[in-house]
$ cat protein_35.cif   # mmCIF, C-alpha atoms
data_input
loop_
_atom_site.label_atom_id
_atom_site.label_comp_id
_atom_site.auth_asym_id
_atom_site.auth_seq_id
_atom_site.Cartn_x
_atom_site.Cartn_y
_atom_site.Cartn_z
CA MET C 103 -99.12 -8.04 150.04
CA LYS C 104 -99.99 -9.80 153.31
CA LYS C 105 -103.52 -8.36 153.25
CA LEU C 106 -103.96 -9.45 149.64
CA LEU C 107 -103.01 -13.01 150.51
CA GLN C 108 -105.40 -12.94 153.46
CA HIS C 109 -108.14 -11.88 151.04
CA GLY C 110 -107.15 -14.80 148.83
CA LEU C 111 -107.54 -17.20 151.76
CA LYS C 112 -110.93 -15.74 152.55
CA PHE C 113 -112.12 -15.87 148.96
CA SER C 114 -111.10 -19.51 148.61
CA THR C 115 -113.94 -20.50 150.93
CA LEU C 116 -116.63 -18.79 148.85
CA GLY C 117 -119.07 -20.66 146.69
CA ALA C 118 -118.93 -20.72 142.92
CA PRO C 119 -121.67 -18.06 142.30
CA HIS C 120 -119.61 -15.39 144.08
CA ASP C 121 -116.22 -16.29 142.63
CA GLU C 122 -116.44 -14.40 139.35
CA VAL C 123 -117.61 -11.17 141.05
CA LYS C 124 -114.80 -11.40 143.58
CA CYS C 125 -112.33 -12.13 140.78
CA CYS C 126 -113.26 -8.88 139.00
CA ARG C 127 -112.92 -6.87 142.23
CA PHE C 128 -109.58 -8.43 142.94
CA LEU C 129 -108.33 -7.60 139.44
CA VAL C 130 -109.22 -3.93 139.99
CA VAL C 131 -107.22 -3.88 143.23
CA LEU C 132 -104.24 -5.49 141.51
CA VAL C 133 -104.31 -2.94 138.69
CA PHE C 134 -103.92 -0.09 141.17
CA LEU C 135 -101.18 -1.86 143.13
CA LEU C 136 -99.38 -3.07 140.01
CA PRO C 137 -96.75 -0.28 139.71
CA MET C 138 -95.45 -1.07 143.20
CA PHE C 139 -95.01 -4.80 142.80
CA ALA C 140 -94.71 -5.58 139.07
CA PRO C 141 -91.46 -7.15 137.86
CA PRO C 142 -89.45 -5.87 134.91
CA ALA C 143 -91.08 -6.01 131.49
CA SER C 144 -90.29 -8.05 128.41
CA ALA C 145 -86.74 -9.26 128.08
CA HIS C 146 -84.34 -8.66 125.21
CA GLU C 147 -84.89 -11.92 123.44
CA VAL C 148 -82.23 -12.99 120.96
CA ARG C 149 -84.24 -13.83 117.85
CA PRO C 150 -83.10 -15.19 114.48
CA ALA C 151 -82.23 -12.73 111.73
CA VAL C 152 -84.98 -12.52 109.10
CA VAL C 153 -83.46 -12.54 105.59
CA ASP C 154 -85.66 -11.70 102.60
CA LEU C 155 -83.61 -12.53 99.50
CA HIS C 156 -85.15 -11.32 96.23
CA LEU C 157 -83.85 -12.70 92.91
CA GLN C 158 -84.42 -9.99 90.29
CA ALA C 159 -85.22 -10.50 86.62
CA ASP C 160 -82.32 -8.22 85.61
CA GLY C 161 -79.72 -10.64 87.00
CA SER C 162 -79.26 -8.94 90.36
CA TYR C 163 -80.37 -9.84 93.84
CA ARG C 164 -81.58 -7.73 96.74
CA VAL C 165 -81.48 -8.64 100.43
CA SER C 166 -83.49 -7.13 103.28
CA LEU C 167 -81.91 -8.39 106.53
CA GLN C 168 -83.65 -7.57 109.81
CA THR C 169 -81.88 -8.31 113.07
CA ASN C 170 -80.86 -6.98 116.47
CA MET C 171 -77.65 -5.25 115.40
CA GLU C 172 -76.85 -4.08 118.94
CA ALA C 173 -76.57 -7.75 119.98
CA VAL C 174 -74.33 -8.45 117.00
CA LEU C 175 -72.08 -5.45 117.71
CA ALA C 176 -71.84 -6.28 121.41
CA GLY C 177 -70.95 -9.91 120.72
CA VAL C 178 -73.97 -11.31 122.57
CA SER C 179 -73.89 -15.07 122.06
CA PRO C 180 -76.99 -16.58 120.41
CA LYS C 181 -76.86 -19.25 123.13
CA HIS C 182 -78.39 -16.68 125.49
CA SER C 183 -82.18 -16.47 125.37
CA ASP C 184 -81.94 -13.00 126.92
CA THR C 185 -79.27 -10.37 126.25
CA ASN C 186 -79.14 -9.65 129.99
CA GLU C 187 -77.61 -13.10 130.50
CA SER C 188 -74.57 -12.16 128.42
CA PRO C 189 -71.34 -10.90 130.01
CA ASN C 190 -71.52 -8.21 127.30
CA ALA C 191 -74.92 -6.98 128.51
CA ALA C 192 -73.56 -3.58 129.59
CA THR C 193 -72.16 -2.91 126.11
CA TYR C 194 -75.41 -4.06 124.55
CA ASN C 195 -77.44 -1.70 126.74
CA GLN C 196 -75.17 1.21 125.85
CA LEU C 197 -75.64 0.52 122.15
CA ARG C 198 -79.37 0.08 122.68
CA ALA C 199 -79.62 3.66 123.97
CA LEU C 200 -77.79 5.23 121.01
CA PRO C 201 -79.77 7.43 118.60
CA PRO C 202 -80.11 5.98 115.08
CA HIS C 203 -77.36 8.08 113.44
CA GLN C 204 -74.76 7.04 116.03
CA LEU C 205 -75.72 3.39 115.82
CA GLU C 206 -75.52 3.58 112.02
CA GLU C 207 -71.91 4.81 112.32
CA ARG C 208 -71.08 1.77 114.45
CA ILE C 209 -72.76 -0.58 111.99
CA ARG C 210 -70.96 0.87 108.96
CA ALA C 211 -67.63 0.58 110.74
CA PHE C 212 -68.42 -3.06 111.54
CA TRP C 213 -69.82 -3.85 108.08
CA PRO C 214 -66.66 -5.53 106.61
CA ALA C 215 -66.56 -8.01 109.52
CA TYR C 216 -70.31 -8.53 109.39
CA ARG C 217 -70.27 -9.14 105.63
CA ASP C 218 -67.68 -11.87 106.21
CA GLY C 219 -70.36 -13.66 108.24
CA LEU C 220 -72.93 -13.53 105.42
CA ARG C 221 -72.50 -16.25 102.83
CA ILE C 222 -74.56 -16.03 99.64
CA GLU C 223 -73.41 -18.76 97.27
CA PHE C 224 -74.29 -19.17 93.61
CA ASP C 225 -73.12 -22.58 92.39
CA THR C 226 -70.77 -22.73 95.43
CA SER C 227 -69.16 -19.37 94.46
CA ARG C 228 -69.52 -16.74 97.13
CA SER C 229 -71.02 -13.35 96.29
CA GLU C 230 -70.23 -10.33 98.49
CA PRO C 231 -73.19 -7.91 98.58
CA ASP C 232 -72.94 -4.15 98.90
CA LEU C 233 -74.54 -2.29 101.78
CA ILE C 234 -77.12 0.06 100.25
CA ALA C 235 -79.09 1.42 103.21
CA ILE C 236 -79.66 1.00 106.94
CA ASP C 237 -83.05 1.52 108.57
CA ILE C 238 -82.83 1.97 112.35
CA PRO C 239 -85.91 2.73 114.49
CA VAL C 240 -85.68 5.50 117.06
CA SER C 241 -84.64 4.14 120.43
CA GLY C 242 -87.78 4.15 122.55
CA ASP C 243 -88.59 1.61 125.24
CA LEU C 244 -85.21 0.23 126.30
CA ASP C 245 -86.89 -2.93 127.58
CA ARG C 246 -87.69 -3.93 124.00
CA ALA C 247 -85.17 -5.12 121.45
CA ARG C 248 -84.68 -2.77 118.51
CA LEU C 249 -84.62 -4.40 115.08
CA THR C 250 -82.45 -2.84 112.38
CA THR C 251 -82.99 -3.54 108.69
CA LEU C 252 -80.00 -3.68 106.34
CA GLN C 253 -80.63 -3.31 102.60
CA LEU C 254 -78.04 -5.18 100.48
CA SER C 255 -77.63 -5.84 96.79
CA GLY C 256 -75.36 -7.77 94.43
CA LYS C 257 -75.04 -9.43 91.04
CA ILE C 258 -76.03 -13.00 90.20
CA PRO C 259 -73.14 -14.61 88.28
CA SER C 260 -73.95 -15.29 84.64
CA GLY C 261 -75.11 -18.86 84.11
CA ALA C 262 -75.60 -19.60 87.82
CA LYS C 263 -78.18 -22.29 88.53
CA THR C 264 -78.38 -22.65 92.31
CA LEU C 265 -78.36 -20.58 95.50
CA ARG C 266 -77.41 -21.31 99.08
CA TRP C 267 -77.43 -19.13 102.21
CA ALA C 268 -75.40 -19.35 105.44
CA TYR C 269 -75.05 -17.06 108.46
CA ALA C 270 -72.05 -17.03 110.80
CA PRO C 271 -72.78 -19.07 113.96
CA GLN C 272 -71.64 -16.22 116.25
CA PHE C 273 -74.53 -14.16 114.86
CA GLY C 274 -77.12 -16.84 115.63
CA GLY C 275 -79.79 -18.48 113.54
CA SER C 276 -81.62 -17.00 110.59
CA VAL C 277 -84.86 -17.27 108.69
CA LEU C 278 -84.40 -17.31 104.92
CA ARG C 279 -87.34 -16.14 102.82
CA LEU C 280 -86.54 -16.61 99.15
CA HIS C 281 -88.45 -14.53 96.58
CA ARG C 282 -87.86 -15.58 92.97
CA ALA C 283 -88.58 -13.37 89.95
CA GLY C 284 -91.82 -14.11 88.11
CA THR C 285 -93.62 -15.77 91.01
CA ASN C 286 -95.46 -14.62 94.11
CA GLU C 287 -94.49 -17.73 96.06
CA VAL C 288 -92.10 -17.35 98.96
CA THR C 289 -89.87 -20.24 100.05
CA ALA C 290 -89.18 -19.96 103.78
CA ALA C 291 -86.75 -21.97 105.88
CA TRP C 292 -85.31 -21.78 109.38
CA VAL C 293 -81.51 -22.05 109.27
CA ARG C 294 -80.03 -22.96 112.64
CA GLU C 295 -76.75 -21.39 113.74
CA GLY C 296 -73.72 -23.15 112.35
CA THR C 297 -75.61 -24.64 109.39
CA ALA C 298 -76.36 -23.64 105.80
CA SER C 299 -79.68 -23.56 103.99
CA ASN C 300 -80.84 -26.03 101.40
CA ILE C 301 -79.52 -25.56 97.86
CA TYR C 302 -82.27 -23.86 95.83
CA PRO C 303 -82.55 -23.74 92.02
CA LEU C 304 -82.77 -20.22 90.62
CA THR C 305 -85.43 -21.31 88.10
CA GLY C 306 -87.87 -24.18 87.81
CA ASP C 307 -89.53 -26.16 90.59
CA VAL C 308 -88.17 -25.18 93.98
CA THR C 309 -89.07 -28.62 95.34
CA THR C 310 -86.08 -29.97 93.42
CA ALA C 311 -83.88 -28.26 96.00
CA GLN C 312 -81.48 -30.38 98.01
CA SER C 313 -83.78 -30.52 101.02
CA ALA C 314 -83.56 -31.90 104.50
CA SER C 315 -85.01 -35.34 105.16
CA ARG C 316 -88.34 -35.70 106.92
CA SER C 317 -86.62 -36.81 110.12
CA GLU C 318 -84.29 -33.78 109.99
CA VAL C 319 -87.24 -31.42 109.52
CA PHE C 320 -89.08 -33.10 112.38
CA GLY C 321 -86.06 -32.76 114.66
CA GLN C 322 -85.50 -29.10 113.78
CA TYR C 323 -89.09 -28.04 114.40
CA LEU C 324 -89.40 -30.24 117.48
CA ILE C 325 -86.52 -28.26 119.01
CA LEU C 326 -88.01 -24.99 117.82
CA GLY C 327 -91.35 -25.77 119.50
CA TYR C 328 -89.69 -26.91 122.72
CA THR C 329 -87.41 -23.88 123.03
CA HIS C 330 -90.36 -21.59 122.33
CA ILE C 331 -91.63 -22.75 125.73
CA VAL C 332 -88.39 -23.54 127.60
CA PRO C 333 -86.57 -21.23 128.01
CA LYS C 334 -88.00 -18.51 125.72
CA GLY C 335 -91.75 -18.63 126.38
CA LEU C 336 -92.05 -17.13 129.84
CA ASP C 337 -95.66 -16.02 129.27
CA HIS C 338 -96.70 -19.56 128.26
CA VAL C 339 -94.68 -21.01 131.16
CA LEU C 340 -96.50 -18.80 133.67
CA PHE C 341 -99.88 -19.79 132.23
CA VAL C 342 -99.10 -23.51 132.53
CA LEU C 343 -97.75 -22.96 136.04
CA GLY C 344 -101.02 -21.21 136.89
CA LEU C 345 -102.91 -24.32 135.77
CA PHE C 346 -100.68 -26.50 137.93
CA LEU C 347 -101.11 -24.39 141.06
CA LEU C 348 -104.89 -24.74 141.34
CA SER C 349 -104.53 -28.46 141.84
CA ALA C 350 -101.36 -30.53 141.74
CA ARG C 351 -103.45 -33.69 141.52
CA LEU C 352 -103.09 -35.48 138.19
CA ALA C 353 -106.75 -35.79 137.12
CA PRO C 354 -107.73 -32.07 137.40
CA LEU C 355 -104.43 -31.07 135.82
CA LEU C 356 -104.96 -33.44 132.89
CA TRP C 357 -108.41 -31.99 132.20
CA GLN C 358 -106.96 -28.49 131.99
CA VAL C 359 -103.86 -29.42 129.99
CA THR C 360 -105.93 -31.50 127.54
CA ALA C 361 -108.31 -28.59 126.93
CA PHE C 362 -105.39 -26.18 126.50
CA THR C 363 -103.55 -28.53 124.13
CA LEU C 364 -106.62 -29.20 121.97
CA ALA C 365 -107.40 -25.48 121.72
CA HIS C 366 -103.95 -24.21 120.81
CA SER C 367 -103.53 -27.05 118.28
CA ILE C 368 -106.69 -25.88 116.51
CA THR C 369 -105.73 -22.23 116.16
CA LEU C 370 -102.09 -23.02 115.38
CA GLY C 371 -103.21 -25.20 112.46
CA LEU C 372 -105.84 -22.70 111.24
CA SER C 373 -103.32 -19.87 111.32
CA MET C 374 -100.61 -21.78 109.49
CA TYR C 375 -103.06 -22.75 106.72
CA GLY C 376 -104.15 -19.12 106.41
CA ILE C 377 -107.75 -19.82 107.44
CA PHE C 378 -107.82 -17.59 110.52
CA SER C 379 -105.52 -15.08 112.16
CA LEU C 380 -105.51 -12.11 114.53
CA SER C 381 -103.10 -9.23 114.85
CA PRO C 382 -100.36 -9.68 117.51
CA ALA C 383 -101.52 -6.30 118.87
CA ILE C 384 -104.73 -8.09 119.91
CA VAL C 385 -103.36 -11.54 120.71
CA GLU C 386 -100.42 -10.58 122.93
CA PRO C 387 -102.38 -8.45 125.46
CA LEU C 388 -105.06 -11.14 125.65
CA ILE C 389 -102.44 -13.82 126.34
CA ALA C 390 -101.09 -11.67 129.18
CA ALA C 391 -104.63 -11.18 130.50
CA SER C 392 -105.20 -14.94 130.43
CA ILE C 393 -102.17 -15.40 132.67
CA ALA C 394 -103.57 -12.89 135.15
CA TYR C 395 -107.04 -14.42 135.11
CA VAL C 396 -105.88 -17.96 135.83
CA ALA C 397 -103.62 -16.76 138.65
CA VAL C 398 -106.33 -14.61 140.25
CA GLU C 399 -108.80 -17.48 140.07
CA ASN C 400 -106.24 -19.56 141.99
CA LEU C 401 -106.35 -16.91 144.70
CA ILE C 402 -110.12 -16.87 145.10
CA THR C 403 -110.95 -20.56 144.86
CA ALA C 404 -109.29 -23.80 145.86
CA ARG C 405 -111.60 -25.99 143.74
CA LEU C 406 -111.59 -26.79 140.03
CA HIS C 407 -115.02 -25.58 138.97
CA ALA C 408 -116.69 -26.77 135.77
CA TRP C 409 -116.14 -23.46 133.99
CA ARG C 410 -112.37 -23.61 134.49
CA VAL C 411 -111.85 -26.17 131.73
CA PHE C 412 -113.90 -24.10 129.25
CA VAL C 413 -112.05 -20.93 130.20
CA VAL C 414 -108.72 -22.71 129.73
CA PHE C 415 -109.92 -23.94 126.33
CA GLY C 416 -110.73 -20.39 125.29
CA PHE C 417 -107.35 -19.13 126.47
CA GLY C 418 -105.70 -22.02 124.65
CA LEU C 419 -107.15 -20.68 121.39
CA LEU C 420 -105.34 -17.40 122.07
CA HIS C 421 -102.05 -19.09 122.93
CA GLY C 422 -102.26 -21.07 119.69
CA LEU C 423 -102.37 -17.80 117.77
CA GLY C 424 -99.30 -16.72 119.74
CA PHE C 425 -97.47 -19.93 118.80
CA ALA C 426 -98.43 -19.36 115.17
CA GLY C 427 -96.81 -15.92 115.21
CA VAL C 428 -93.30 -17.27 115.65
CA LEU C 429 -93.90 -20.14 113.23
CA ILE C 430 -95.25 -17.82 110.53
CA GLU C 431 -92.18 -15.61 110.92
CA ILE C 432 -89.80 -18.55 110.60
CA GLY C 433 -91.84 -20.40 108.02
CA LEU C 434 -92.33 -24.07 107.23
CA PRO C 435 -90.66 -26.02 104.41
CA ARG C 436 -93.15 -26.44 101.56
CA GLU C 437 -92.19 -30.04 100.94
CA GLU C 438 -92.61 -31.00 104.63
CA PHE C 439 -95.22 -28.49 105.78
CA VAL C 440 -97.32 -30.96 107.78
CA THR C 441 -94.23 -32.62 109.28
CA GLY C 442 -92.88 -29.27 110.51
CA LEU C 443 -96.27 -28.20 111.88
CA ILE C 444 -96.77 -31.45 113.81
CA ALA C 445 -93.20 -31.41 115.11
CA PHE C 446 -93.50 -27.83 116.34
CA ASN C 447 -96.74 -28.67 118.15
CA VAL C 448 -95.17 -31.77 119.73
CA GLY C 449 -92.21 -29.66 120.84
CA VAL C 450 -94.57 -27.19 122.47
CA GLU C 451 -96.26 -30.05 124.34
CA PHE C 452 -92.93 -31.40 125.56
CA GLY C 453 -92.06 -27.91 126.77
CA GLN C 454 -95.32 -27.63 128.70
CA LEU C 455 -94.90 -31.10 130.22
CA THR C 456 -91.39 -30.10 131.28
CA VAL C 457 -92.82 -27.11 133.16
CA ILE C 458 -95.40 -29.31 134.88
CA ALA C 459 -92.83 -31.98 135.74
CA LEU C 460 -90.41 -29.43 137.22
CA ALA C 461 -93.18 -27.79 139.23
CA GLY C 462 -94.24 -31.17 140.53
CA LEU C 463 -90.70 -32.11 141.49
CA LEU C 464 -90.00 -28.78 143.17
CA PHE C 465 -93.06 -28.55 145.39
CA GLY C 466 -96.17 -30.40 144.17
CA TYR C 467 -95.04 -33.94 144.90
CA TRP C 468 -93.47 -33.12 148.26
CA PHE C 469 -95.82 -30.55 149.73
CA ARG C 470 -99.26 -30.74 148.07
CA ASN C 471 -100.79 -32.70 150.97
CA ARG C 472 -99.43 -30.39 153.66
CA SER C 473 -101.93 -28.17 155.45
CA TRP C 474 -99.90 -25.06 154.62
CA TYR C 475 -99.39 -25.85 150.90
CA ARG C 476 -102.05 -23.43 149.66
CA ALA C 477 -101.18 -20.58 152.00
CA ARG C 478 -97.40 -20.73 151.58
CA ILE C 479 -96.99 -21.89 147.97
CA VAL C 480 -100.15 -21.55 145.88
CA LEU C 481 -101.18 -18.07 147.04
CA PRO C 482 -97.78 -16.31 146.93
CA LEU C 483 -96.88 -17.80 143.54
CA SER C 484 -100.31 -17.07 142.10
CA ALA C 485 -100.13 -13.47 143.33
CA ALA C 486 -96.72 -13.04 141.67
CA ILE C 487 -98.04 -14.52 138.41
CA ALA C 488 -101.11 -12.28 138.56
CA PHE C 489 -98.99 -9.15 139.01
CA THR C 490 -96.79 -10.18 136.11
CA GLY C 491 -99.73 -10.95 133.81
CA LEU C 492 -101.44 -7.67 134.57
CA TYR C 493 -98.26 -5.72 134.08
CA TRP C 494 -97.70 -7.33 130.69
CA THR C 495 -101.34 -6.68 129.74
CA VAL C 496 -101.01 -2.95 130.40
CA GLU C 497 -97.58 -2.78 128.77
CA ARG C 498 -98.71 -4.58 125.61
CA LEU C 499 -101.87 -2.47 125.33
CA MET C 500 -99.74 0.66 125.51
CA GLY C 501 -97.50 -0.70 122.75
#

$ encode --input "protein_35.cif" --output "structure tokens"
Amino acid sequence: MKKLLQHGLKFSTLGAPHDEVKCCRFLVVLVFLLPMFAPPASAHEVRPAVVDLHLQADGSYRVSLQTNMEAVLAGVSPKHSDTNESPNAATYNQLRALPPHQLEERIRAFWPAYRDGLRIEFDTSRSEPDLIAIDIPVSGDLDRARLTTLQLSGKIPSGAKTLRWAYAPQFGGSVLRLHRAGTNEVTAAWVREGTASNIYPLTGDVTTAQSASRSEVFGQYLILGYTHIVPKGLDHVLFVLGLFLLSARLAPLLWQVTAFTLAHSITLGLSMYGIFSLSPAIVEPLIAASIAYVAVENLITARLHAWRVFVVFGFGLLHGLGFAGVLIEIGLPREEFVTGLIAFNVGVEFGQLTVIALAGLLFGYWFRNRSWYRARIVLPLSAAIAFTGLYWTVERLMG
């Protein structure tokens, strides 16, 4: 590690024409040293349950509920962004390692208590669905959360006119995707823990639902965007921190952040309107590679070259596609689509500014003019970020 940092100090004195060649060589060295220094992989993020509720023409309904059942069984609080933060982490990890048939036994035994936490209301009357099937993936990489899908079904009461969904707060938030018979349209809504969904009509115009006000929608998606960065978006946090480390001075930082913001706003909007999209299998490794690139460039140069802003803009396009992934999964309210989209983007910006402000308070403001700032802060942190980004790149490419 010491020799690598010495190389970084040496490279920082090189001129711009040599920087890109040195960057490629340095990346090769890091790839070979990665297994020795790389930190643990992706965390067990506690994500909302995804609930696809289908209203059938024969008067029945069907529910496909996908969630991390190990977290539910272990009693991991949704307040934790990572299951490892929970005092019940050991139980969670034991459940995570179970083969599908053993985990299914645990889920079926827990089903009566779990069903009590599912509230499907027709005209304020609760319907209790039956558990039809459980689909559990084989336990593979224990560093990745396993998502179980429960198939439920029930009867719609005769003459019912409205529907409402709620999920017990101890199970976390949920994403309701309502599919009504006779239409291909899907009504999606994010339901925060401790709250219930809008009231939706079973027939007719869904926009007549008792919906949240514009300010409520803005507040919900503002929080969603912010928490997607702090504390849940470690990859985006490391990228922004990489931008900060090259120069803690305001002007160079603003150029980079402005380019990044403009770029991810473009692709986020295009993705949400269905104009352009890329598979997460492509986007996620490239986002990890962008983290590594920015960090390695910090190691080989101490100056903000002209190409840096354009490179950051290009990487911002990728990060926008990553932001869109979570927003597409959760969905936006049809009646306030633009409001939710803008609020989410503003929340993301607040999250990024929080990262920059904290970095500035921790070391940029106090130490940036010290002679040892680059050697003792920029280089070690950039090396750690580079190792992390490369590790994630390899891990995500391998699936």

$ resolve_selection --input "protein_35.cif" --expression "the PyMOL selection byres ((chain C and resi 414) around 10)" --output "list in words"
Phe341, Leu345, Trp357, Gln358, Val359, Thr360, Ala361, Phe362, Thr363, Ala365, Ser392, Val396, Trp409, Arg410, Val411, Phe412, Val413, Phe415, Gly416, Phe417, Gly418, Leu419 and Leu420 of chain C

$ closest_residue --input "protein_35.cif" --among "C:Glu438, C:Glu451, C:Asp237, C:Glu230" --to "Leu326 (chain C)" --atoms "all atoms listed in the file"
C:Glu451

$ residues_around --input "protein_35.cif" --residues "Gly335 (chain C)" --least-positions-apart "4" --cutoff "12 Å" --atoms "all atoms listed in the file" --output "PyMOL selection string"
chain C and resi 144-145+147+183-184+326-331+339-342+389-390+421+424-425+428+450+453-454+457

$ write_last_selection --input "protein_35.cif" --atoms "C-alpha atoms" --output "PDB file, in the frame of the given file"
ATOM      1  CA  SER C 144     -90.290  -8.050 128.410  1.00  0.00           C
ATOM      2  CA  ALA C 145     -86.740  -9.260 128.080  1.00  0.00           C
ATOM      3  CA  GLU C 147     -84.890 -11.920 123.440  1.00  0.00           C
ATOM      4  CA  SER C 183     -82.180 -16.470 125.370  1.00  0.00           C
ATOM      5  CA  ASP C 184     -81.940 -13.000 126.920  1.00  0.00           C
ATOM      6  CA  LEU C 326     -88.010 -24.990 117.820  1.00  0.00           C
ATOM      7  CA  GLY C 327     -91.350 -25.770 119.500  1.00  0.00           C
ATOM      8  CA  TYR C 328     -89.690 -26.910 122.720  1.00  0.00           C
ATOM      9  CA  THR C 329     -87.410 -23.880 123.030  1.00  0.00           C
ATOM     10  CA  HIS C 330     -90.360 -21.590 122.330  1.00  0.00           C
ATOM     11  CA  ILE C 331     -91.630 -22.750 125.730  1.00  0.00           C
ATOM     12  CA  VAL C 339     -94.680 -21.010 131.160  1.00  0.00           C
ATOM     13  CA  LEU C 340     -96.500 -18.800 133.670  1.00  0.00           C
ATOM     14  CA  PHE C 341     -99.880 -19.790 132.230  1.00  0.00           C
ATOM     15  CA  VAL C 342     -99.100 -23.510 132.530  1.00  0.00           C
ATOM     16  CA  ILE C 389    -102.440 -13.820 126.340  1.00  0.00           C
ATOM     17  CA  ALA C 390    -101.090 -11.670 129.180  1.00  0.00           C
ATOM     18  CA  HIS C 421    -102.050 -19.090 122.930  1.00  0.00           C
ATOM     19  CA  GLY C 424     -99.300 -16.720 119.740  1.00  0.00           C
ATOM     20  CA  PHE C 425     -97.470 -19.930 118.800  1.00  0.00           C
ATOM     21  CA  VAL C 428     -93.300 -17.270 115.650  1.00  0.00           C
ATOM     22  CA  VAL C 450     -94.570 -27.190 122.470  1.00  0.00           C
ATOM     23  CA  GLY C 453     -92.060 -27.910 126.770  1.00  0.00           C
ATOM     24  CA  GLN C 454     -95.320 -27.630 128.700  1.00  0.00           C
ATOM     25  CA  VAL C 457     -92.820 -27.110 133.160  1.00  0.00           C
TER      26      VAL C 457
END

$ atom_distance --input "protein_35.cif" --atom1 "CA of Thr264 (chain C)" --atom2 "CA of Phe439 (chain C)"
22.3 Å

$ resolve_selection --input "protein_35.cif" --expression "the PyMOL selection byres ((chain C and resi 495) around 10)" --output "list of chain:residue names"
C:Glu386, C:Pro387, C:Leu388, C:Ile389, C:Ala390, C:Ala391, C:Ser392, C:Ile393, C:Ala394, C:Phe489, C:Thr490, C:Gly491, C:Leu492, C:Tyr493, C:Trp494, C:Val496, C:Glu497, C:Arg498, C:Leu499, C:Met500, C:Gly501

$ resolve_selection --input "protein_35.cif" --expression "the PyMOL selection byres ((chain C and resi 218) around 12)" --output "number ranges by chain"
C: 212-217, 219-222, 228-232, 268-273

$ atom_distance --input "protein_35.cif" --atom1 "CA of Thr169 (chain C)" --atom2 "CA of Gly449 (chain C)"
25.0 Å

$ build_atoms --input "protein_35.cif" --residues "region 147-158 of chain C" --atoms "N, CA and C atoms" --output "PDB file, keeping the file's coordinate frame"
ATOM      1  N   GLU C 147     -85.040 -10.589 123.996  1.00  0.00           N
ATOM      2  CA  GLU C 147     -84.890 -11.920 123.440  1.00  0.00           C
ATOM      3  C   GLU C 147     -83.978 -11.878 122.218  1.00  0.00           C
ATOM      4  N   VAL C 148     -83.106 -12.874 122.112  1.00  0.00           N
ATOM      5  CA  VAL C 148     -82.230 -12.990 120.960  1.00  0.00           C
ATOM      6  C   VAL C 148     -82.959 -13.819 119.906  1.00  0.00           C
ATOM      7  N   ARG C 149     -83.447 -13.171 118.880  1.00  0.00           N
ATOM      8  CA  ARG C 149     -84.240 -13.830 117.850  1.00  0.00           C
ATOM      9  C   ARG C 149     -83.413 -14.054 116.597  1.00  0.00           C
ATOM     10  N   PRO C 150     -83.830 -14.982 115.734  1.00  0.00           N
ATOM     11  CA  PRO C 150     -83.100 -15.190 114.480  1.00  0.00           C
ATOM     12  C   PRO C 150     -83.190 -13.967 113.576  1.00  0.00           C
ATOM     13  N   ALA C 151     -82.173 -13.765 112.759  1.00  0.00           N
ATOM     14  CA  ALA C 151     -82.230 -12.730 111.730  1.00  0.00           C
ATOM     15  C   ALA C 151     -83.232 -13.167 110.672  1.00  0.00           C
ATOM     16  N   VAL C 152     -84.014 -12.225 110.154  1.00  0.00           N
ATOM     17  CA  VAL C 152     -84.980 -12.520 109.100  1.00  0.00           C
ATOM     18  C   VAL C 152     -84.402 -11.980 107.785  1.00  0.00           C
ATOM     19  N   VAL C 153     -84.159 -12.876 106.833  1.00  0.00           N
ATOM     20  CA  VAL C 153     -83.460 -12.540 105.590  1.00  0.00           C
ATOM     21  C   VAL C 153     -84.405 -12.734 104.414  1.00  0.00           C
ATOM     22  N   ASP C 154     -84.849 -11.638 103.820  1.00  0.00           N
ATOM     23  CA  ASP C 154     -85.660 -11.700 102.600  1.00  0.00           C
ATOM     24  C   ASP C 154     -84.727 -11.508 101.412  1.00  0.00           C
ATOM     25  N   LEU C 155     -84.523 -12.562 100.632  1.00  0.00           N
ATOM     26  CA  LEU C 155     -83.610 -12.530  99.500  1.00  0.00           C
ATOM     27  C   LEU C 155     -84.424 -12.568  98.202  1.00  0.00           C
ATOM     28  N   HIS C 156     -84.370 -11.475  97.452  1.00  0.00           N
ATOM     29  CA  HIS C 156     -85.150 -11.320  96.230  1.00  0.00           C
ATOM     30  C   HIS C 156     -84.226 -11.527  95.016  1.00  0.00           C
ATOM     31  N   LEU C 157     -84.568 -12.479  94.169  1.00  0.00           N
ATOM     32  CA  LEU C 157     -83.850 -12.700  92.910  1.00  0.00           C
ATOM     33  C   LEU C 157     -84.544 -11.865  91.833  1.00  0.00           C
ATOM     34  N   GLN C 158     -83.828 -10.928  91.227  1.00  0.00           N
ATOM     35  CA  GLN C 158     -84.420  -9.990  90.290  1.00  0.00           C
ATOM     36  C   GLN C 158     -84.291 -10.511  88.850  1.00  0.00           C
TER      37      GLN C 158
END
